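**Q** The following file, model_24.cif, comprises mmCIF, C-alpha atoms:
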```cif
data_work
loop_
_atom_site.label_atom_id
_atom_site.label_comp_id
_atom_site.auth_asym_id
_atom_site.auth_seq_id
_atom_site.Cartn_x
_atom_site.Cartn_y
_atom_site.Cartn_z
CA MET A 25 212.91 -80.70 213.25
CA LYS A 26 216.49 -81.62 214.10
CA LYS A 27 218.19 -84.14 211.81
CA TYR A 28 220.95 -86.55 212.76
CA TRP A 29 223.49 -87.57 210.13
CA LEU A 30 224.80 -91.09 210.38
CA PHE A 31 228.10 -92.69 209.52
CA CYS A 32 228.05 -94.59 206.21
CA ILE A 33 230.43 -97.12 204.71
CA LEU A 34 230.37 -96.24 201.00
CA LEU A 35 231.03 -98.86 198.36
CA THR A 36 229.59 -97.21 195.23
CA GLY A 37 227.06 -94.50 194.25
CA CYS A 38 223.62 -94.23 192.65
CA SER A 39 220.86 -91.74 191.89
CA VAL A 40 217.11 -92.24 192.07
CA THR A 41 213.95 -92.46 189.99
CA HIS A 42 210.65 -93.95 191.18
CA LYS A 43 208.10 -96.52 190.06
CA THR A 44 205.77 -98.66 192.15
CA THR A 45 205.70 -102.03 190.40
CA THR A 46 207.01 -105.09 192.26
CA PRO A 47 210.03 -106.62 190.47
CA ALA A 48 210.81 -110.25 189.90
CA VAL A 49 213.96 -111.25 191.79
CA SER A 50 216.56 -113.50 190.20
CA GLN A 51 219.84 -112.00 191.44
CA LEU A 52 221.09 -109.38 193.91
CA ARG A 53 224.14 -107.12 193.60
CA PHE A 54 225.57 -105.57 196.77
CA ILE A 55 226.02 -101.76 196.72
CA HIS A 56 226.37 -100.19 200.20
CA LYS A 57 226.65 -101.04 203.87
CA TYR A 58 225.67 -98.39 206.41
CA ILE A 59 226.34 -98.52 210.17
CA VAL A 60 224.34 -96.43 212.64
CA PRO A 61 226.18 -95.29 215.79
CA TYR A 62 225.23 -97.10 218.99
CA ASN A 63 222.65 -95.38 221.22
CA LEU A 64 221.97 -92.60 218.73
CA SER A 65 219.53 -90.11 220.28
CA PHE A 66 216.69 -88.68 218.20
CA ASN A 67 213.87 -86.45 219.48
CA GLY A 68 214.17 -87.79 223.01
CA THR A 69 214.35 -91.44 222.00
CA THR A 70 217.09 -94.04 221.66
CA VAL A 71 217.41 -95.28 218.09
CA GLY A 72 217.88 -99.04 218.11
CA GLY A 73 216.01 -102.29 217.84
CA LEU A 74 214.97 -101.58 214.24
CA SER A 75 213.24 -104.81 213.25
CA GLY A 76 211.13 -103.88 210.20
CA ILE A 77 211.40 -101.48 207.27
CA ASP A 78 209.16 -100.36 204.40
CA TYR A 79 209.37 -97.70 201.67
CA ASP A 80 206.76 -95.07 200.81
CA THR A 81 207.29 -94.19 197.15
CA ALA A 82 205.07 -91.07 197.32
CA ARG A 83 206.75 -89.45 200.33
CA LYS A 84 210.17 -90.99 199.54
CA VAL A 85 210.67 -92.06 203.15
CA TYR A 86 211.27 -95.35 204.93
CA TYR A 87 209.19 -96.51 207.88
CA LEU A 88 211.23 -98.32 210.53
CA ILE A 89 209.54 -100.09 213.42
CA CYS A 90 211.40 -100.38 216.72
CA ASP A 91 211.05 -103.47 218.91
CA ASP A 92 211.41 -101.58 222.19
CA ARG A 93 208.68 -103.06 224.41
CA SER A 94 208.09 -99.60 225.93
CA GLU A 95 211.07 -100.22 228.22
CA LYS A 96 213.34 -97.35 227.07
CA GLN A 97 210.60 -95.20 225.57
CA SER A 98 207.07 -95.97 224.39
CA ALA A 99 206.69 -98.45 221.51
CA ARG A 100 207.32 -96.50 218.30
CA PHE A 101 208.33 -96.25 214.68
CA TYR A 102 210.64 -93.90 212.81
CA THR A 103 210.75 -92.38 209.36
CA ALA A 104 214.08 -91.90 207.62
CA ARG A 105 215.66 -91.01 204.30
CA ILE A 106 218.29 -93.39 202.94
CA PRO A 107 220.06 -91.82 199.94
CA LEU A 108 221.34 -94.14 197.26
CA THR A 109 224.23 -91.77 196.52
CA GLY A 110 226.42 -92.68 199.46
CA ASP A 111 225.31 -89.71 201.55
CA SER A 112 224.32 -90.21 205.16
CA ILE A 113 221.00 -91.57 206.41
CA VAL A 114 218.67 -89.00 208.00
CA PHE A 115 216.02 -89.79 210.62
CA THR A 116 213.13 -87.41 210.10
CA SER A 117 210.43 -88.30 212.67
CA VAL A 118 209.45 -90.66 215.47
CA THR A 119 205.86 -91.69 216.22
CA SER A 120 204.43 -93.62 219.18
CA LEU A 121 202.29 -96.68 218.52
CA ARG A 122 198.87 -96.34 220.14
CA MET A 123 196.51 -98.82 221.72
CA ASN A 124 192.86 -98.88 220.64
CA ASN A 125 192.04 -96.47 223.50
CA GLY A 126 194.41 -93.88 222.05
CA ASN A 127 197.07 -94.21 224.77
CA VAL A 128 200.68 -95.16 224.19
CA TYR A 129 201.69 -98.66 225.25
CA PRO A 130 202.88 -98.94 228.86
CA GLY A 131 206.01 -100.88 229.79
CA THR A 132 204.19 -103.53 231.81
CA LYS A 133 204.84 -107.03 230.47
CA ASN A 134 201.17 -107.96 230.25
CA MET A 135 200.36 -104.93 228.06
CA ALA A 136 203.53 -104.01 226.14
CA PRO A 137 203.74 -105.20 222.53
CA ASP A 138 206.74 -106.77 220.82
CA PRO A 139 206.78 -104.88 217.49
CA GLU A 140 208.47 -106.79 214.68
CA ALA A 141 207.25 -105.84 211.18
CA MET A 142 205.63 -102.84 209.50
CA ARG A 143 204.29 -102.17 206.00
CA TYR A 144 202.79 -99.07 204.42
CA ASN A 145 199.66 -99.62 202.31
CA PRO A 146 199.62 -97.03 199.48
CA HIS A 147 196.02 -97.94 198.64
CA THR A 148 194.74 -96.76 202.03
CA GLY A 149 197.49 -94.50 203.38
CA LYS A 150 197.58 -96.68 206.52
CA LEU A 151 200.34 -98.70 208.17
CA ILE A 152 200.06 -102.32 209.30
CA TRP A 153 202.34 -103.71 211.98
CA SER A 154 202.74 -106.98 213.84
CA SER A 155 203.50 -107.87 217.44
CA GLU A 156 204.86 -111.20 218.64
CA GLY A 157 202.97 -110.92 221.91
CA GLU A 158 204.38 -112.50 225.06
CA ARG A 159 204.57 -115.93 226.65
CA ILE A 160 206.17 -116.18 230.08
CA VAL A 161 205.39 -119.33 232.04
CA SER A 162 207.25 -119.74 235.33
CA ASP A 163 206.72 -120.63 238.98
CA LYS A 164 206.59 -116.93 239.81
CA ASP A 165 204.33 -115.64 237.06
CA THR A 166 202.40 -116.51 233.92
CA ILE A 167 201.95 -113.83 231.26
CA LEU A 168 200.13 -114.71 228.05
CA LYS A 169 199.66 -111.96 225.46
CA ASP A 170 198.54 -113.08 222.01
CA PRO A 171 200.42 -111.99 218.89
CA GLY A 172 198.57 -109.49 216.74
CA VAL A 173 198.39 -107.63 213.45
CA TYR A 174 197.18 -104.04 213.64
CA GLU A 175 196.30 -101.19 211.30
CA ILE A 176 197.20 -97.62 212.29
CA ASN A 177 197.26 -94.21 210.65
CA LYS A 178 200.49 -92.30 210.06
CA ASN A 179 200.12 -90.65 213.47
CA GLY A 180 200.27 -94.06 215.13
CA TYR A 181 196.61 -94.23 216.14
CA PHE A 182 194.84 -97.60 216.04
CA THR A 183 192.21 -97.99 213.31
CA ASP A 184 191.63 -101.77 213.14
CA SER A 185 193.05 -105.24 213.79
CA PHE A 186 193.15 -108.56 211.96
CA ALA A 187 191.41 -111.74 213.12
CA ILE A 188 193.87 -114.20 214.70
CA PRO A 189 193.00 -117.93 214.36
CA SER A 190 192.90 -119.86 217.61
CA LEU A 191 195.96 -121.88 216.49
CA PHE A 192 198.07 -118.79 217.20
CA ARG A 193 196.80 -117.96 220.69
CA MET A 194 199.41 -118.15 223.46
CA GLN A 195 198.97 -121.02 225.92
CA ALA A 196 200.47 -121.87 229.29
CA THR A 197 201.16 -125.46 228.17
CA ASN A 198 203.56 -126.49 225.39
CA ALA A 199 200.98 -125.79 222.73
CA GLY A 200 200.41 -123.00 220.26
CA PRO A 201 203.17 -120.51 219.36
CA ARG A 202 206.58 -120.44 220.97
CA ARG A 203 207.79 -117.30 222.72
CA ASN A 204 209.47 -114.89 220.27
CA GLY A 205 208.47 -117.21 217.43
CA THR A 206 205.29 -115.68 216.05
CA PHE A 207 204.42 -112.86 213.60
CA GLU A 208 207.84 -111.72 212.43
CA GLY A 209 207.19 -110.86 208.77
CA LEU A 210 204.38 -109.41 206.69
CA GLY A 211 203.71 -107.97 203.23
CA PHE A 212 200.97 -107.01 200.77
CA THR A 213 200.22 -108.00 197.22
CA SER A 214 200.74 -105.01 194.92
CA ASP A 215 197.00 -104.70 194.19
CA GLY A 216 196.25 -104.26 197.89
CA ARG A 217 194.02 -107.34 198.01
CA TYR A 218 195.97 -109.77 200.21
CA LEU A 219 198.29 -109.66 203.20
CA PHE A 220 200.77 -112.43 204.02
CA VAL A 221 202.01 -112.90 207.60
CA SER A 222 204.80 -115.33 208.53
CA LEU A 223 205.67 -117.02 211.80
CA GLU A 224 209.30 -117.02 212.82
CA GLU A 225 209.42 -120.55 214.28
CA PRO A 226 207.19 -123.65 214.37
CA ARG A 227 204.21 -123.90 216.71
CA TYR A 228 204.64 -126.62 219.34
CA GLU A 229 202.13 -128.87 217.55
CA ASP A 230 203.81 -128.35 214.19
CA GLY A 231 207.12 -129.83 215.26
CA PRO A 232 210.53 -129.00 216.72
CA ARG A 233 212.50 -125.84 216.21
CA ALA A 234 215.13 -125.87 213.47
CA GLY A 235 218.06 -128.22 214.11
CA PHE A 236 221.34 -128.87 212.36
CA THR A 237 220.31 -131.50 209.81
CA ASP A 238 216.53 -131.69 210.30
CA THR A 239 213.88 -131.53 207.60
CA THR A 240 210.88 -131.24 209.93
CA ALA A 241 210.92 -127.60 211.10
CA TYR A 242 207.77 -126.17 209.48
CA ILE A 243 206.45 -122.69 210.09
CA ARG A 244 203.14 -121.31 208.81
CA ILE A 245 202.48 -118.44 206.44
CA LEU A 246 199.02 -116.88 206.80
CA LYS A 247 197.17 -115.25 203.91
CA TYR A 248 194.61 -112.55 204.75
CA ASP A 249 191.96 -110.76 202.75
CA LEU A 250 192.96 -107.13 203.34
CA HIS A 251 189.38 -105.88 202.97
CA THR A 252 187.71 -108.27 205.43
CA ARG A 253 190.82 -108.68 207.64
CA GLN A 254 190.02 -112.38 207.85
CA PRO A 255 192.49 -115.23 207.16
CA VAL A 256 191.75 -117.11 203.93
CA ALA A 257 194.61 -119.66 203.82
CA GLN A 258 197.70 -121.01 205.56
CA PHE A 259 200.78 -122.61 204.03
CA ALA A 260 203.58 -124.75 205.47
CA TYR A 261 207.17 -123.64 204.84
CA LYS A 262 210.19 -125.76 205.78
CA LEU A 263 213.06 -123.93 207.46
CA ALA A 264 216.68 -124.55 206.52
CA PRO A 265 218.91 -126.11 209.19
CA VAL A 266 220.78 -123.93 211.69
CA ALA A 267 223.97 -122.72 210.02
CA HIS A 268 226.47 -123.31 212.88
CA ARG A 269 226.59 -125.44 216.00
CA PRO A 270 226.85 -123.42 219.20
CA VAL A 271 230.01 -123.25 221.29
CA PRO A 272 229.69 -124.61 223.96
CA ALA A 273 227.36 -127.24 222.50
CA ASP A 274 224.58 -126.70 225.05
CA LYS A 275 224.16 -122.97 224.34
CA PHE A 276 221.50 -121.13 222.34
CA TYR A 277 220.97 -121.54 218.60
CA THR A 278 218.11 -120.71 216.23
CA ASN A 279 216.94 -120.36 212.65
CA GLY A 280 213.67 -118.79 211.61
CA ILE A 281 211.98 -116.38 209.22
CA SER A 282 212.80 -112.77 210.06
CA ASP A 283 210.89 -111.10 207.19
CA ILE A 284 209.08 -111.62 203.90
CA LEU A 285 208.46 -109.56 200.76
CA VAL A 286 205.51 -110.29 198.49
CA LEU A 287 206.47 -110.68 194.82
CA SER A 288 203.04 -111.80 193.55
CA ASP A 289 199.90 -113.61 194.70
CA THR A 290 201.89 -116.85 194.72
CA GLN A 291 205.55 -115.83 195.19
CA LEU A 292 207.33 -114.51 198.28
CA LEU A 293 210.88 -113.48 199.03
CA ILE A 294 211.74 -115.16 202.35
CA MET A 295 214.57 -114.14 204.67
CA GLU A 296 215.83 -116.75 207.12
CA ARG A 297 218.14 -115.71 209.95
CA SER A 298 220.33 -118.22 211.79
CA PHE A 299 222.35 -117.48 214.90
CA SER A 300 224.37 -119.64 217.30
CA ILE A 301 226.30 -118.70 220.44
CA GLY A 302 230.01 -118.86 219.65
CA THR A 303 229.65 -117.40 216.13
CA LYS A 304 229.54 -113.60 216.02
CA ASP A 305 227.86 -113.29 212.62
CA CYS A 306 224.30 -114.15 211.82
CA THR A 307 223.73 -116.25 208.70
CA ILE A 308 221.15 -114.51 206.52
CA ARG A 309 219.75 -116.62 203.67
CA LEU A 310 217.21 -115.48 201.08
CA PHE A 311 214.83 -117.82 199.28
CA VAL A 312 212.14 -117.36 196.65
CA ALA A 313 209.05 -119.26 197.81
CA ASN A 314 206.36 -120.47 195.40
CA LEU A 315 202.89 -121.13 196.84
CA ASP A 316 201.32 -122.41 193.61
CA HIS A 317 200.97 -126.07 194.58
CA ALA A 318 201.23 -125.76 198.36
CA THR A 319 198.45 -127.25 200.51
CA ASP A 320 196.16 -124.94 202.44
CA VAL A 321 196.86 -126.23 205.97
CA SER A 322 194.31 -124.03 207.78
CA ASN A 323 192.38 -127.08 208.99
CA ILE A 324 195.44 -129.12 210.00
CA HIS A 325 196.01 -128.71 213.72
CA SER A 326 199.40 -130.46 213.81
CA LEU A 327 201.75 -130.52 210.83
CA GLN A 328 203.98 -132.93 212.73
CA ALA A 329 201.19 -135.44 213.33
CA THR A 330 199.59 -135.23 209.87
CA LYS A 331 202.54 -134.95 207.48
CA VAL A 332 200.11 -135.26 204.55
CA PHE A 333 200.53 -131.90 202.88
CA THR A 334 202.59 -130.21 200.19
CA PRO A 335 204.80 -127.44 201.60
CA VAL A 336 205.78 -124.24 199.86
CA LYS A 337 208.50 -124.79 197.25
CA LYS A 338 211.61 -122.76 198.01
CA THR A 339 214.61 -121.84 195.83
CA PRO A 340 217.85 -120.38 197.27
CA LEU A 341 218.59 -116.83 196.08
CA PHE A 342 221.37 -115.27 198.17
CA ASN A 343 223.50 -115.87 201.27
CA PHE A 344 224.94 -112.85 203.12
CA ASP A 345 228.00 -114.96 203.98
CA SER A 346 229.21 -114.17 200.47
CA LEU A 347 229.66 -110.48 201.42
CA HIS A 348 232.67 -111.32 203.63
CA THR A 349 231.77 -108.62 206.12
CA TYR A 350 230.37 -108.75 209.63
CA VAL A 351 226.62 -109.39 209.32
CA ASP A 352 224.49 -108.76 212.39
CA ASN A 353 220.86 -109.49 213.26
CA VAL A 354 219.17 -108.62 209.93
CA GLU A 355 215.41 -108.55 210.53
CA GLY A 356 213.75 -106.29 207.93
CA MET A 357 213.77 -105.77 204.16
CA THR A 358 211.96 -103.62 201.62
CA PHE A 359 212.06 -102.68 197.97
CA GLY A 360 213.28 -99.12 197.57
CA PRO A 361 213.46 -96.63 194.68
CA ARG A 362 214.78 -97.48 191.25
CA LEU A 363 218.41 -97.03 190.26
CA PRO A 364 219.55 -95.12 187.14
CA ASN A 365 219.62 -98.37 185.12
CA GLY A 366 215.91 -98.94 185.88
CA HIS A 367 216.53 -101.79 188.32
CA ARG A 368 214.83 -101.70 191.72
CA SER A 369 216.79 -101.36 194.94
CA ILE A 370 216.26 -103.50 198.02
CA ILE A 371 217.32 -102.48 201.53
CA PHE A 372 217.85 -104.61 204.65
CA VAL A 373 218.08 -103.45 208.26
CA ALA A 374 219.75 -105.19 211.22
CA ASP A 375 218.34 -104.95 214.76
CA ASN A 376 221.13 -104.26 217.28
CA ASN A 377 218.93 -105.26 220.26
CA PHE A 378 220.07 -101.99 221.93
CA SER A 379 223.39 -103.73 222.62
CA ALA A 380 226.86 -102.20 222.37
CA GLU A 381 228.09 -105.64 221.27
CA GLU A 382 225.93 -105.53 218.12
CA GLU A 383 225.60 -103.18 215.14
CA MET A 384 222.62 -101.43 213.62
CA GLN A 385 223.34 -102.03 209.93
CA PHE A 386 221.66 -101.20 206.64
CA TYR A 387 222.46 -103.10 203.43
CA LEU A 388 221.63 -101.76 199.97
CA PHE A 389 221.36 -104.07 196.94
CA GLU A 390 220.37 -103.81 193.30
CA VAL A 391 217.69 -106.24 192.13
CA GLU A 392 218.84 -107.78 188.85
#
```
Represent the structure contained in this file as structure tokens.

**A**
Amino acid sequence: MKKYWLFCILLTGCSVTHKTTTPAVSQLRFIHKYIVPYNLSFNGTTVGGLSGIDYDTARKVYYLICDDRSEKQSARFYTARIPLTGDSIVFTSVTSLRMNNGNVYPGTKNMAPDPEAMRYNPHTGKLIWSSEGERIVSDKDTILKDPGVYEINKNGYFTDSFAIPSLFRMQATNAGPRRNGTFEGLGFTSDGRYLFVSLEEPRYEDGPRAGFTDTTAYIRILKYDLHTRQPVAQFAYKLAPVAHRPVPADKFYTNGISDILVLSDTQLLIMERSFSIGTKDCTIRLFVANLDHATDVSNIHSLQATKVFTPVKKTPLFNFDSLHTYVDNVEGMTFGPRLPNGHRSIIFVADNNFSAEEEMQFYLFEVE
């Protein structure tokens, strides 16, 4: 199998040992930034749109899901090796995602997925990935494809799916999830008992999208029983305000959750990504979220209307602005192997949206 070596910006070097426990996170120390060349070709595919990442400690590889909606090539994921020594990244395989009939996903808008997150379950040897679905409502056409969470084997073949509550079904009216605002992050508890899935933006009924000074932009975090694949709880999480006002003022802006990492049954590492037209960088902010005293909002149809609930408590951890380097559309994160000092590594990946104006970046940190 042909390997492609990528350009790396080296800041310091490390070597590797491996353990599987999930670390507590109190501080991050920046180590490397890697940049992947635009439109890199690998095994007949275009490498880009990498929106989720996870590490397999047994095989010592990273799984990287691509958010190509079967437009360039069929929906897919990659495996790669990311050395902690400053050497180049190596892509090692590419695998098509399969529908439950065994076929690859076609590029038609009513059938193509929007892959966003992927995790490897070491307890089962299976992968779980999420799709944001589709919601296009116009005078010419209406396409409604529900978001989903799916289990596959390492060859990409469908093995099962998770039950999706009716609150998260796409609708033609301004109700339910917003387009591109659904299942963006997911992660397991270390014992393989629970799965958490996060929305990127608020449902219509739960309130407005994030603004510049608001305190009412609540998204939902779903908790699943991994064995039954049924949801067992939902929690409300308040987004931070958008980091910058757009220029011009009427242009696009957003802030939402781009990924999560599970630290324990009641603690999550949350990544919020803010972007506004007129500012090249994305603002990537990390928070530690505590679910201990949060209300289960499964039976609350509208968080905006009710307002009688306790949201998840969040504590700021790190802001990528402090790196003083160009930060693009960071969408995925995973714990990696341990460093020589015994601390765990954490790696982030930026989705370049297959655009020459953006960069596919990897960031390596030490968890202190």

**Q** Between atom CA of A:Thr183 and atom CA of A:Phe259, what is the distance, to one decimal in Å?

**A** 27.7 Å

**Q** Selected by the PyMOL selection byres ((chain A and resi 341) around 6) in the shown coordinates: which residues, as a VMD selection string?

**A** chain A and resid 310 to 311 340 342

**Q** Can you tell me how far atom CA of A:Asn323 sits from atom CA of A:Thr252, in Å to one decimal?

**A**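 Straight-line distance from atom CA of A:Asn323 to atom CA of A:Thr252 works out to 19.7 Å.
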
**Q** Counting only C-alpha atoms, which residues of stretch 267-357 of chain A fall within 7 Å of stretch 218-227 of chain A, and what is the closest atom pair for each with its distance in Å at one decimal, ordered by chain and rising number, as a tab-separated table?

**A**
```
residue	atom	partner	partner_atom	distance
A:Gly280	CA	A:Glu224	CA	4.9
A:Ile281	CA	A:Glu224	CA	4.5
A:Ser282	CA	A:Glu224	CA	6.2
```

**Q** Can those selected residues be exported to a file as a PDB file, in the coordinates of the input so that it contains C-alpha atoms?

**A**
```
ATOM      1  CA  GLY A 280     213.670-118.790 211.610  1.00  0.00           C
ATOM      2  CA  ILE A 281     211.980-116.380 209.220  1.00  0.00           C
ATOM      3  CA  SER A 282     212.800-112.770 210.060  1.00  0.00           C
TER       4      SER A 282
END
```

**Q** List as a list in words: which residues have an atom within 6 Å of (209.0, -123.0, 208.2), counting all atoms listed in the file?

**A** Ala241, Tyr242, Ile243, Tyr261, Lys262 and Leu263 of chain A

**Q** Check what the PyMOL selection byres ((chain A and resi 72) around 10) selects in the file above and give those residues as a VMD selection string.

**A** chain A and resid 60 to 65 69 to 71 73 to 75 89 to 92 374 to 379 383 to 384

**Q** Write to file, as a PDB file, keeping the file's coordinate frame, the residues of the selection just made, with C-alpha atoms.

**A**
```pdb
ATOM      1  CA  VAL A  60     224.340 -96.430 212.640  1.00  0.00           C
ATOM      2  CA  PRO A  61     226.180 -95.290 215.790  1.00  0.00           C
ATOM      3  CA  TYR A  62     225.230 -97.100 218.990  1.00  0.00           C
ATOM      4  CA  ASN A  63     222.650 -95.380 221.220  1.00  0.00           C
ATOM      5  CA  LEU A  64     221.970 -92.600 218.730  1.00  0.00           C
ATOM      6  CA  SER A  65     219.530 -90.110 220.280  1.00  0.00           C
ATOM      7  CA  THR A  69     214.350 -91.440 222.000  1.00  0.00           C
ATOM      8  CA  THR A  70     217.090 -94.040 221.660  1.00  0.00           C
ATOM      9  CA  VAL A  71     217.410 -95.280 218.090  1.00  0.00           C
ATOM     10  CA  GLY A  73     216.010-102.290 217.840  1.00  0.00           C
ATOM     11  CA  LEU A  74     214.970-101.580 214.240  1.00  0.00           C
ATOM     12  CA  SER A  75     213.240-104.810 213.250  1.00  0.00           C
ATOM     13  CA  ILE A  89     209.540-100.090 213.420  1.00  0.00           C
ATOM     14  CA  CYS A  90     211.400-100.380 216.720  1.00  0.00           C
ATOM     15  CA  ASP A  91     211.050-103.470 218.910  1.00  0.00           C
ATOM     16  CA  ASP A  92     211.410-101.580 222.190  1.00  0.00           C
ATOM     17  CA  ALA A 374     219.750-105.190 211.220  1.00  0.00           C
ATOM     18  CA  ASP A 375     218.340-104.950 214.760  1.00  0.00           C
ATOM     19  CA  ASN A 376     221.130-104.260 217.280  1.00  0.00           C
ATOM     20  CA  ASN A 377     218.930-105.260 220.260  1.00  0.00           C
ATOM     21  CA  PHE A 378     220.070-101.990 221.930  1.00  0.00           C
ATOM     22  CA  SER A 379     223.390-103.730 222.620  1.00  0.00           C
ATOM     23  CA  GLU A 383     225.600-103.180 215.140  1.00  0.00           C
ATOM     24  CA  MET A 384     222.620-101.430 213.620  1.00  0.00           C
TER      25      MET A 384
END
```

**Q** One decimal, Å: what's the distance from atom CA of A:Glu229 over to atom CA of A:Val286, could you say?

**A**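 Interatomic distance, atom CA of A:Glu229 to atom CA of A:Val286: 26.8 Å.
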